[in-house]
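Trainee: File protein22.cif follows (mmCIF, N, CA and C atoms and all ligand atoms):
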```
data_upload
loop_
_atom_site.label_atom_id
_atom_site.label_comp_id
_atom_site.auth_asym_id
_atom_site.auth_seq_id
_atom_site.Cartn_x
_atom_site.Cartn_y
_atom_site.Cartn_z
N MET P 1 93.63 108.63 98.54
CA MET P 1 92.54 108.79 99.49
C MET P 1 91.34 109.40 98.80
N ARG P 2 90.18 108.82 99.04
CA ARG P 2 88.98 109.36 98.41
C ARG P 2 88.52 110.62 99.14
N PRO P 3 88.06 111.61 98.40
CA PRO P 3 87.67 112.88 99.01
C PRO P 3 86.66 112.73 100.13
N ILE P 4 85.71 111.82 99.98
CA ILE P 4 84.67 111.70 101.02
C ILE P 4 85.27 111.28 102.36
N LEU P 5 86.32 110.43 102.32
CA LEU P 5 86.95 110.01 103.56
C LEU P 5 87.63 111.20 104.23
N MET P 6 88.30 112.03 103.42
CA MET P 6 88.99 113.19 103.97
C MET P 6 87.99 114.14 104.63
N ARG P 7 86.86 114.32 103.97
CA ARG P 7 85.87 115.27 104.48
C ARG P 7 85.33 114.79 105.83
N MET P 8 85.07 113.48 105.93
CA MET P 8 84.53 112.95 107.18
C MET P 8 85.50 113.13 108.33
N VAL P 9 86.78 112.88 108.09
CA VAL P 9 87.76 113.02 109.15
C VAL P 9 87.90 114.48 109.54
N HIS P 10 87.86 115.36 108.56
CA HIS P 10 87.92 116.79 108.84
C HIS P 10 86.76 117.19 109.75
N ASP P 11 85.56 116.70 109.43
CA ASP P 11 84.39 117.02 110.25
C ASP P 11 84.59 116.51 111.67
N PHE P 12 85.14 115.31 111.77
CA PHE P 12 85.32 114.73 113.10
C PHE P 12 86.27 115.57 113.94
N ASP P 13 87.34 116.04 113.35
CA ASP P 13 88.34 116.80 114.08
C ASP P 13 87.82 118.17 114.53
N THR P 14 86.98 118.78 113.73
CA THR P 14 86.59 120.15 114.04
C THR P 14 85.21 120.23 114.69
N GLU P 15 84.43 119.18 114.54
CA GLU P 15 83.07 119.23 115.05
C GLU P 15 83.06 118.87 116.53
N THR P 16 83.38 119.82 117.36
CA THR P 16 83.55 119.51 118.78
C THR P 16 82.22 119.18 119.44
N GLY P 17 81.12 119.60 118.84
CA GLY P 17 79.82 119.30 119.43
C GLY P 17 79.44 117.83 119.30
N ALA P 18 80.13 117.09 118.49
CA ALA P 18 79.73 115.70 118.22
C ALA P 18 79.97 114.79 119.42
N GLU P 19 81.01 115.05 120.17
CA GLU P 19 81.40 114.05 121.16
C GLU P 19 80.40 113.83 122.30
N PRO P 20 79.82 114.89 122.89
CA PRO P 20 78.86 114.62 123.98
C PRO P 20 77.69 113.75 123.53
N ARG P 21 77.21 113.97 122.32
CA ARG P 21 76.09 113.17 121.81
C ARG P 21 76.52 111.72 121.64
N ILE P 22 77.71 111.51 121.10
CA ILE P 22 78.22 110.16 120.88
C ILE P 22 78.43 109.46 122.22
N ARG P 23 78.98 110.19 123.17
CA ARG P 23 79.20 109.63 124.51
C ARG P 23 77.87 109.20 125.13
N GLN P 24 76.85 110.04 124.97
CA GLN P 24 75.52 109.70 125.50
C GLN P 24 74.97 108.44 124.85
N MET P 25 75.19 108.31 123.54
CA MET P 25 74.69 107.13 122.83
C MET P 25 75.35 105.87 123.38
N LEU P 26 76.67 105.92 123.59
CA LEU P 26 77.39 104.75 124.12
C LEU P 26 76.89 104.42 125.53
N GLU P 27 76.78 105.45 126.36
CA GLU P 27 76.36 105.21 127.74
C GLU P 27 74.93 104.66 127.80
N ALA P 28 74.06 105.19 126.95
CA ALA P 28 72.67 104.71 126.93
C ALA P 28 72.60 103.25 126.50
N ALA P 29 73.56 102.82 125.67
CA ALA P 29 73.59 101.43 125.21
C ALA P 29 74.34 100.53 126.19
N GLY P 30 74.89 101.11 127.26
CA GLY P 30 75.62 100.32 128.24
C GLY P 30 77.04 100.00 127.83
N VAL P 31 77.61 100.82 126.94
CA VAL P 31 78.98 100.61 126.49
C VAL P 31 79.89 101.58 127.26
N ARG P 32 80.89 101.04 127.93
CA ARG P 32 81.83 101.88 128.65
C ARG P 32 82.65 102.70 127.65
N CYS P 33 82.76 103.99 127.91
CA CYS P 33 83.45 104.88 126.96
C CYS P 33 84.96 104.82 127.14
N THR P 34 85.64 104.46 126.09
CA THR P 34 87.09 104.59 126.06
C THR P 34 87.40 105.50 124.89
N ARG P 35 88.64 105.98 124.82
CA ARG P 35 89.02 106.89 123.74
C ARG P 35 88.78 106.24 122.37
N GLN P 36 89.18 104.97 122.26
CA GLN P 36 89.04 104.29 120.96
C GLN P 36 87.58 104.04 120.61
N ARG P 37 86.78 103.68 121.61
CA ARG P 37 85.36 103.45 121.33
C ARG P 37 84.68 104.75 120.92
N LEU P 38 85.05 105.86 121.57
CA LEU P 38 84.47 107.15 121.20
C LEU P 38 84.85 107.53 119.77
N LEU P 39 86.11 107.26 119.44
CA LEU P 39 86.56 107.55 118.07
C LEU P 39 85.76 106.73 117.07
N MET P 40 85.67 105.43 117.33
CA MET P 40 84.96 104.57 116.37
C MET P 40 83.48 104.91 116.31
N ALA P 41 82.89 105.22 117.45
CA ALA P 41 81.47 105.60 117.46
C ALA P 41 81.28 106.90 116.68
N SER P 42 82.23 107.82 116.82
CA SER P 42 82.13 109.09 116.09
C SER P 42 82.16 108.86 114.58
N ILE P 43 82.93 107.86 114.16
CA ILE P 43 83.02 107.55 112.74
C ILE P 43 81.74 106.86 112.26
N VAL P 44 81.28 105.87 113.03
CA VAL P 44 80.20 105.00 112.55
C VAL P 44 78.82 105.62 112.77
N LEU P 45 78.63 106.31 113.90
CA LEU P 45 77.27 106.73 114.28
C LEU P 45 76.94 108.16 113.90
N ARG P 46 77.84 108.82 113.21
CA ARG P 46 77.62 110.26 112.95
C ARG P 46 76.50 110.50 111.94
N ARG P 47 76.18 109.54 111.13
CA ARG P 47 75.08 109.69 110.18
C ARG P 47 74.60 108.30 109.76
N LYS P 48 73.47 108.25 109.07
CA LYS P 48 73.01 106.97 108.56
C LYS P 48 73.93 106.53 107.44
N GLN P 49 74.59 105.40 107.63
CA GLN P 49 75.54 104.94 106.63
C GLN P 49 75.85 103.47 106.83
N HIS P 50 76.46 102.88 105.82
CA HIS P 50 76.91 101.49 105.89
C HIS P 50 78.40 101.50 105.66
N LEU P 51 79.16 101.03 106.65
CA LEU P 51 80.61 100.99 106.51
C LEU P 51 81.11 99.58 106.77
N SER P 52 82.11 99.15 106.00
CA SER P 52 82.76 97.88 106.30
C SER P 52 83.80 98.13 107.39
N ALA P 53 84.26 97.05 108.02
CA ALA P 53 85.29 97.18 109.05
C ALA P 53 86.55 97.82 108.47
N ASP P 54 86.90 97.47 107.23
CA ASP P 54 88.09 98.05 106.60
C ASP P 54 87.93 99.56 106.39
N GLN P 55 86.73 99.98 106.03
CA GLN P 55 86.49 101.42 105.86
C GLN P 55 86.60 102.14 107.21
N VAL P 56 86.06 101.51 108.26
CA VAL P 56 86.16 102.12 109.60
C VAL P 56 87.63 102.20 110.01
N LEU P 57 88.38 101.14 109.74
CA LEU P 57 89.81 101.13 110.07
C LEU P 57 90.54 102.25 109.34
N ALA P 58 90.25 102.40 108.04
CA ALA P 58 90.91 103.44 107.24
C ALA P 58 90.58 104.83 107.78
N LEU P 59 89.32 105.04 108.14
CA LEU P 59 88.92 106.36 108.67
C LEU P 59 89.56 106.61 110.04
N ALA P 60 89.59 105.57 110.86
CA ALA P 60 90.18 105.73 112.21
C ALA P 60 91.66 106.08 112.10
N ASN P 61 92.34 105.46 111.16
CA ASN P 61 93.78 105.67 111.05
C ASN P 61 94.13 106.98 110.35
N GLN P 62 93.13 107.69 109.87
CA GLN P 62 93.39 109.04 109.35
C GLN P 62 93.38 110.07 110.47
N THR P 63 92.97 109.65 111.65
CA THR P 63 93.02 110.58 112.79
C THR P 63 94.37 110.41 113.47
N ARG P 64 94.56 111.14 114.54
CA ARG P 64 95.86 111.05 115.23
C ARG P 64 95.98 109.76 116.04
N GLN P 65 94.86 109.08 116.29
CA GLN P 65 94.92 107.85 117.06
C GLN P 65 95.28 106.67 116.16
N VAL P 66 96.02 105.74 116.72
CA VAL P 66 96.32 104.51 116.00
C VAL P 66 95.41 103.41 116.56
N VAL P 67 94.66 102.77 115.65
CA VAL P 67 93.73 101.73 116.06
C VAL P 67 94.08 100.48 115.28
N SER P 68 94.15 99.34 115.98
CA SER P 68 94.49 98.10 115.29
C SER P 68 93.25 97.51 114.63
N LYS P 69 93.49 96.63 113.67
CA LYS P 69 92.40 95.96 112.98
C LYS P 69 91.57 95.13 113.98
N ALA P 70 92.26 94.48 114.91
CA ALA P 70 91.54 93.66 115.92
C ALA P 70 90.62 94.53 116.76
N THR P 71 91.10 95.71 117.14
CA THR P 71 90.27 96.62 117.94
C THR P 71 89.04 97.04 117.16
N VAL P 72 89.23 97.32 115.86
CA VAL P 72 88.08 97.74 115.03
C VAL P 72 87.05 96.61 114.98
N TYR P 73 87.49 95.39 114.71
CA TYR P 73 86.54 94.27 114.63
C TYR P 73 85.85 94.04 115.98
N ASN P 74 86.64 94.05 117.06
CA ASN P 74 86.06 93.79 118.39
C ASN P 74 85.06 94.88 118.76
N THR P 75 85.41 96.12 118.47
CA THR P 75 84.53 97.23 118.86
C THR P 75 83.26 97.23 118.03
N LEU P 76 83.38 96.96 116.73
CA LEU P 76 82.18 96.90 115.90
C LEU P 76 81.27 95.75 116.35
N GLY P 77 81.89 94.64 116.73
CA GLY P 77 81.11 93.50 117.23
C GLY P 77 80.38 93.87 118.53
N LEU P 78 81.07 94.60 119.40
CA LEU P 78 80.46 95.07 120.65
C LEU P 78 79.30 96.01 120.34
N PHE P 79 79.53 96.96 119.44
CA PHE P 79 78.46 97.91 119.07
C PHE P 79 77.25 97.15 118.53
N ALA P 80 77.49 96.11 117.76
CA ALA P 80 76.38 95.34 117.19
C ALA P 80 75.62 94.60 118.30
N ARG P 81 76.37 93.99 119.21
CA ARG P 81 75.71 93.26 120.31
C ARG P 81 74.90 94.20 121.20
N MET P 82 75.36 95.43 121.36
CA MET P 82 74.68 96.38 122.23
C MET P 82 73.61 97.19 121.49
N GLY P 83 73.39 96.86 120.21
CA GLY P 83 72.30 97.49 119.47
C GLY P 83 72.60 98.87 118.91
N LEU P 84 73.86 99.26 118.89
CA LEU P 84 74.22 100.57 118.34
C LEU P 84 74.30 100.54 116.82
N VAL P 85 74.68 99.41 116.27
CA VAL P 85 74.73 99.22 114.81
C VAL P 85 74.13 97.86 114.49
N ARG P 86 73.76 97.70 113.22
CA ARG P 86 73.27 96.41 112.75
C ARG P 86 74.29 95.83 111.80
N GLU P 87 74.57 94.55 111.95
CA GLU P 87 75.45 93.89 110.98
C GLU P 87 74.62 93.48 109.78
N VAL P 88 75.07 93.84 108.60
CA VAL P 88 74.42 93.40 107.38
C VAL P 88 75.45 92.57 106.61
N ILE P 89 75.22 91.26 106.58
CA ILE P 89 76.18 90.36 105.95
C ILE P 89 75.71 90.11 104.53
N VAL P 90 76.37 90.72 103.56
CA VAL P 90 75.93 90.56 102.18
C VAL P 90 76.56 89.32 101.54
N ASP P 91 77.74 88.95 101.98
CA ASP P 91 78.34 87.67 101.62
C ASP P 91 79.42 87.37 102.65
N PRO P 92 79.95 86.15 102.66
CA PRO P 92 80.87 85.78 103.75
C PRO P 92 82.09 86.70 103.85
N GLN P 93 82.46 87.36 102.77
CA GLN P 93 83.62 88.24 102.79
C GLN P 93 83.25 89.69 103.09
N ARG P 94 81.97 89.97 103.16
CA ARG P 94 81.58 91.38 103.21
C ARG P 94 80.46 91.61 104.23
N THR P 95 80.83 92.24 105.32
CA THR P 95 79.85 92.64 106.34
C THR P 95 79.87 94.15 106.44
N PHE P 96 78.67 94.73 106.45
CA PHE P 96 78.55 96.17 106.66
C PHE P 96 78.03 96.41 108.06
N TYR P 97 78.44 97.52 108.63
CA TYR P 97 77.92 97.97 109.92
C TYR P 97 77.02 99.17 109.64
N ASP P 98 75.74 98.98 109.95
CA ASP P 98 74.70 99.92 109.57
C ASP P 98 74.31 100.74 110.80
N SER P 99 74.44 102.05 110.69
CA SER P 99 74.09 102.91 111.83
C SER P 99 72.58 103.11 111.94
N ASN P 100 71.85 102.67 110.95
CA ASN P 100 70.38 102.72 111.01
C ASN P 100 69.91 101.39 111.58
N VAL P 101 69.51 101.40 112.85
CA VAL P 101 69.14 100.14 113.50
C VAL P 101 67.63 99.87 113.45
N THR P 102 66.89 100.74 112.78
CA THR P 102 65.47 100.46 112.60
C THR P 102 65.32 99.36 111.55
N GLU P 103 64.17 98.68 111.55
CA GLU P 103 63.96 97.59 110.59
C GLU P 103 63.87 98.15 109.18
N HIS P 104 64.70 97.65 108.31
CA HIS P 104 64.64 98.05 106.90
C HIS P 104 65.36 97.01 106.05
N HIS P 105 65.19 97.13 104.76
CA HIS P 105 65.82 96.21 103.81
C HIS P 105 66.93 96.93 103.04
N HIS P 106 67.58 96.20 102.15
CA HIS P 106 68.71 96.79 101.42
C HIS P 106 68.73 96.37 99.96
N ILE P 107 69.32 97.24 99.15
CA ILE P 107 69.73 96.88 97.80
C ILE P 107 71.25 96.85 97.82
N TYR P 108 71.82 95.72 97.40
CA TYR P 108 73.28 95.60 97.36
C TYR P 108 73.72 95.54 95.91
N ASN P 109 74.56 96.50 95.53
CA ASN P 109 75.10 96.52 94.17
C ASN P 109 76.40 95.71 94.15
N GLU P 110 76.34 94.54 93.52
CA GLU P 110 77.51 93.64 93.51
C GLU P 110 78.66 94.21 92.69
N ASP P 111 78.36 95.13 91.77
CA ASP P 111 79.43 95.68 90.94
C ASP P 111 80.21 96.80 91.63
N ASP P 112 79.51 97.68 92.33
CA ASP P 112 80.27 98.76 92.99
C ASP P 112 80.34 98.61 94.51
N GLY P 113 79.71 97.54 95.04
CA GLY P 113 79.83 97.26 96.47
C GLY P 113 79.03 98.18 97.37
N THR P 114 78.09 98.92 96.81
CA THR P 114 77.32 99.84 97.64
C THR P 114 76.06 99.19 98.18
N LEU P 115 75.67 99.65 99.34
CA LEU P 115 74.47 99.16 100.01
C LEU P 115 73.54 100.36 100.20
N THR P 116 72.28 100.19 99.80
CA THR P 116 71.32 101.29 99.86
C THR P 116 70.12 100.84 100.69
N ASP P 117 69.65 101.73 101.54
CA ASP P 117 68.48 101.40 102.37
C ASP P 117 67.21 101.31 101.54
N VAL P 118 66.36 100.37 101.92
CA VAL P 118 65.02 100.24 101.34
C VAL P 118 64.05 100.24 102.52
N GLY P 119 63.06 101.10 102.45
CA GLY P 119 62.11 101.22 103.56
C GLY P 119 61.33 99.93 103.78
N GLN P 120 60.91 99.73 105.02
CA GLN P 120 60.16 98.54 105.40
C GLN P 120 58.90 98.39 104.55
N ASP P 121 58.29 99.52 104.20
CA ASP P 121 57.02 99.48 103.45
C ASP P 121 57.23 99.33 101.94
N GLU P 122 58.49 99.31 101.49
CA GLU P 122 58.75 99.19 100.05
C GLU P 122 58.84 97.74 99.60
N VAL P 123 58.86 96.82 100.54
CA VAL P 123 58.92 95.39 100.22
C VAL P 123 57.72 94.71 100.88
N ARG P 124 57.01 93.94 100.11
CA ARG P 124 55.88 93.20 100.68
C ARG P 124 56.21 91.71 100.61
N ILE P 125 56.15 91.06 101.74
CA ILE P 125 56.49 89.64 101.80
C ILE P 125 55.20 88.86 102.02
N GLU P 126 54.91 87.96 101.09
CA GLU P 126 53.70 87.16 101.20
C GLU P 126 54.09 85.71 101.42
N GLY P 127 53.78 85.21 102.56
CA GLY P 127 54.04 83.80 102.83
C GLY P 127 55.42 83.57 103.38
N LEU P 128 55.48 82.95 104.52
CA LEU P 128 56.75 82.57 105.13
C LEU P 128 56.74 81.06 105.30
N PRO P 129 57.91 80.44 105.36
CA PRO P 129 57.94 78.99 105.56
C PRO P 129 57.40 78.63 106.94
N ASN P 130 57.04 77.35 107.11
CA ASN P 130 56.64 76.88 108.44
C ASN P 130 57.83 77.06 109.38
N LEU P 131 57.58 77.64 110.51
CA LEU P 131 58.64 77.89 111.46
C LEU P 131 58.88 76.66 112.32
N PRO P 132 60.11 76.49 112.79
CA PRO P 132 60.37 75.38 113.71
C PRO P 132 59.47 75.51 114.94
N PRO P 133 59.04 74.38 115.50
CA PRO P 133 58.15 74.43 116.67
C PRO P 133 58.74 75.29 117.78
N GLY P 134 57.89 76.07 118.41
CA GLY P 134 58.32 76.87 119.55
C GLY P 134 59.02 78.16 119.17
N THR P 135 58.98 78.54 117.89
CA THR P 135 59.64 79.79 117.48
C THR P 135 58.61 80.75 116.92
N GLU P 136 59.00 82.02 116.86
CA GLU P 136 58.17 83.04 116.24
C GLU P 136 59.07 83.93 115.38
N VAL P 137 58.48 84.64 114.44
CA VAL P 137 59.27 85.52 113.57
C VAL P 137 59.80 86.69 114.39
N HIS P 138 61.09 86.90 114.34
CA HIS P 138 61.71 88.03 115.04
C HIS P 138 62.02 89.16 114.07
N GLY P 139 62.20 88.81 112.80
CA GLY P 139 62.46 89.83 111.79
C GLY P 139 62.71 89.18 110.46
N VAL P 140 62.45 89.92 109.39
CA VAL P 140 62.75 89.44 108.05
C VAL P 140 63.52 90.55 107.35
N GLU P 141 64.71 90.23 106.88
CA GLU P 141 65.52 91.22 106.18
C GLU P 141 65.75 90.75 104.75
N VAL P 142 65.47 91.62 103.82
CA VAL P 142 65.64 91.30 102.41
C VAL P 142 66.85 92.07 101.86
N ILE P 143 67.71 91.38 101.14
CA ILE P 143 68.78 92.03 100.40
C ILE P 143 68.52 91.78 98.91
N VAL P 144 68.20 92.84 98.19
CA VAL P 144 68.00 92.74 96.75
C VAL P 144 69.36 92.96 96.10
N ARG P 145 69.87 91.94 95.41
CA ARG P 145 71.19 92.05 94.79
C ARG P 145 71.04 92.53 93.35
N VAL P 146 71.77 93.57 93.01
CA VAL P 146 71.70 94.10 91.64
C VAL P 146 73.09 94.15 91.03
N ARG P 147 73.09 94.19 89.71
CA ARG P 147 74.33 94.40 88.94
C ARG P 147 74.07 95.51 87.95
N ILE P 148 75.12 96.17 87.53
CA ILE P 148 74.96 97.22 86.53
C ILE P 148 74.63 96.56 85.20
N ARG P 149 73.52 96.98 84.61
CA ARG P 149 73.04 96.36 83.37
C ARG P 149 73.99 96.74 82.23
N PRO P 150 74.43 95.72 81.45
CA PRO P 150 75.33 96.03 80.32
C PRO P 150 74.59 96.88 79.28
N VAL P 151 75.32 97.83 78.67
CA VAL P 151 74.67 98.69 77.67
C VAL P 151 74.91 98.18 76.26
ZN ZN P 201 70.78 100.09 106.04
#
```
Produce structure tokens that represent the structure in this file.
Ligand SMILES: [Zn+2]

Mentor:
Amino acid sequence: MRPILMRMVHDFDTETGAEPRIRQMLEAAGVRCTRQRLLMASIVLRRKQHLSADQVLALANQTRQVVSKATVYNTLGLFARMGLVREVIVDPQRTFYDSNVTEHHHIYNEDDGTLTDVGQDEVRIEGLPNLPPGTEVHGVEVIVRVRIRPV
């Protein structure tokens, strides 16, 4: 087990002040609060971060509750639909759930699998393709893919 995972679960167990805020976030988004949803929201929404479904599953199963993989995927999908998290699909095998739902871009490190936020003002986009008739731009998200440079 990686130390960072242990620390997060420890915080979740002892940080009793976290739950009312998390409950309010779910209710404000129109998500009915269940024990499992509160647990998953506590894991995902506690700070700005990018977690894969497998990481959320691993963190959830370090608590006293048992959560199935299907529940994790369904709940993360629900959170995304309700605007609590953003799905960042870096490749077909890898989707991150981003607790920062403001518009921003990312740097994805293909070697270590990390995703880093890039501010909206750090990328300048000049020129967009002709849009299909009757459509307008709803958003542009850039993923800058990097690899560790060989020495
Ligand atoms: Zn992000």

Trainee: Just the helix (DSSP H, G or I) stuff from range 20-56 of chain P, please, per backbone DSSP, written as a list in words.

Mentor: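 Across range 20-56 of chain P, those assigned helix (DSSP H, G or I) are Pro20, Arg21, Ile22, Arg23, Gln24, Met25, Leu26, Glu27, Ala28, Arg35, Gln36, Arg37, Leu38, Leu39, Met40, Ala41, Ser42, Ile43, Val44, Ala53, Asp54, Gln55 and Val56 of chain P.
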
Trainee: Around ligand ZN 201 (chain P), at most 8 Å away and counting all atoms listed in the file, which residues are there? Put them as number ranges by chain, please.

Mentor: P: 48-50, 86, 88, 97-107, 115-118

Trainee: Would you mind reading off the distance between CA of Val85 in chain P and CA of Lys69 in chain P, one decimal, in Å?

Mentor: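 Distance between the two atoms: 18.1 Å.
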
Trainee: In Å to one decimal, how far is CA of Gly113 in chain P from CA of Pro150 in chain P?

Mentor: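 Pair CA of Pro150 in chain P / CA of Gly113 in chain P returns 16.8 Å.
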
Trainee: CA of Glu87 in chain P to CA of Asp54 in chain P: how many Å, to one decimal?

Mentor: 14.0 Å

Trainee: Find the residue from P:Ser52, P:Val67, P:Asn61, P:Asn74 that sits nearest to Arg35 in chain P; use only C-alpha atoms when measuring.

Mentor: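 Distance minimum relative to Arg35 in chain P lands on P:Val67.
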
Trainee: Going by DSSP on the backbone, which bits of chain P are strand (DSSP E or B)? Write them as a PyMOL selection string, please.

Mentor: chain P and resi 50-52+86-91+94-98+105-109+115-118+143-146

Trainee: May I ask which of the residues P:Asp121, P:Val66, P:Leu59, P:Val31 is the closest one to Ile43 in chain P, counting all atoms listed in the file?

Mentor: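 Of P:Asp121, P:Val66, P:Leu59, P:Val31, the one nearest Ile43 in chain P, counting all atoms listed in the file, is P:Leu59.
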
Trainee: Could you check the closest approach to Met82 in chain P for each of P:Ser68, P:Ala29, P:Leu51, P:Thr63 and tell me which residue wins, using all atoms listed in the file?

Mentor: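 Among the listed residues, the smallest separation from Met82 in chain P belongs to P:Ala29.
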
Trainee: From (81.2, 100.6, 122.5), in the file's coordinates, out to 6 Å: which residues are reached, counting only C-alpha atoms? Answer as a ChimeraX atom specification.

Mentor: /P:26,31,37,75,78-79
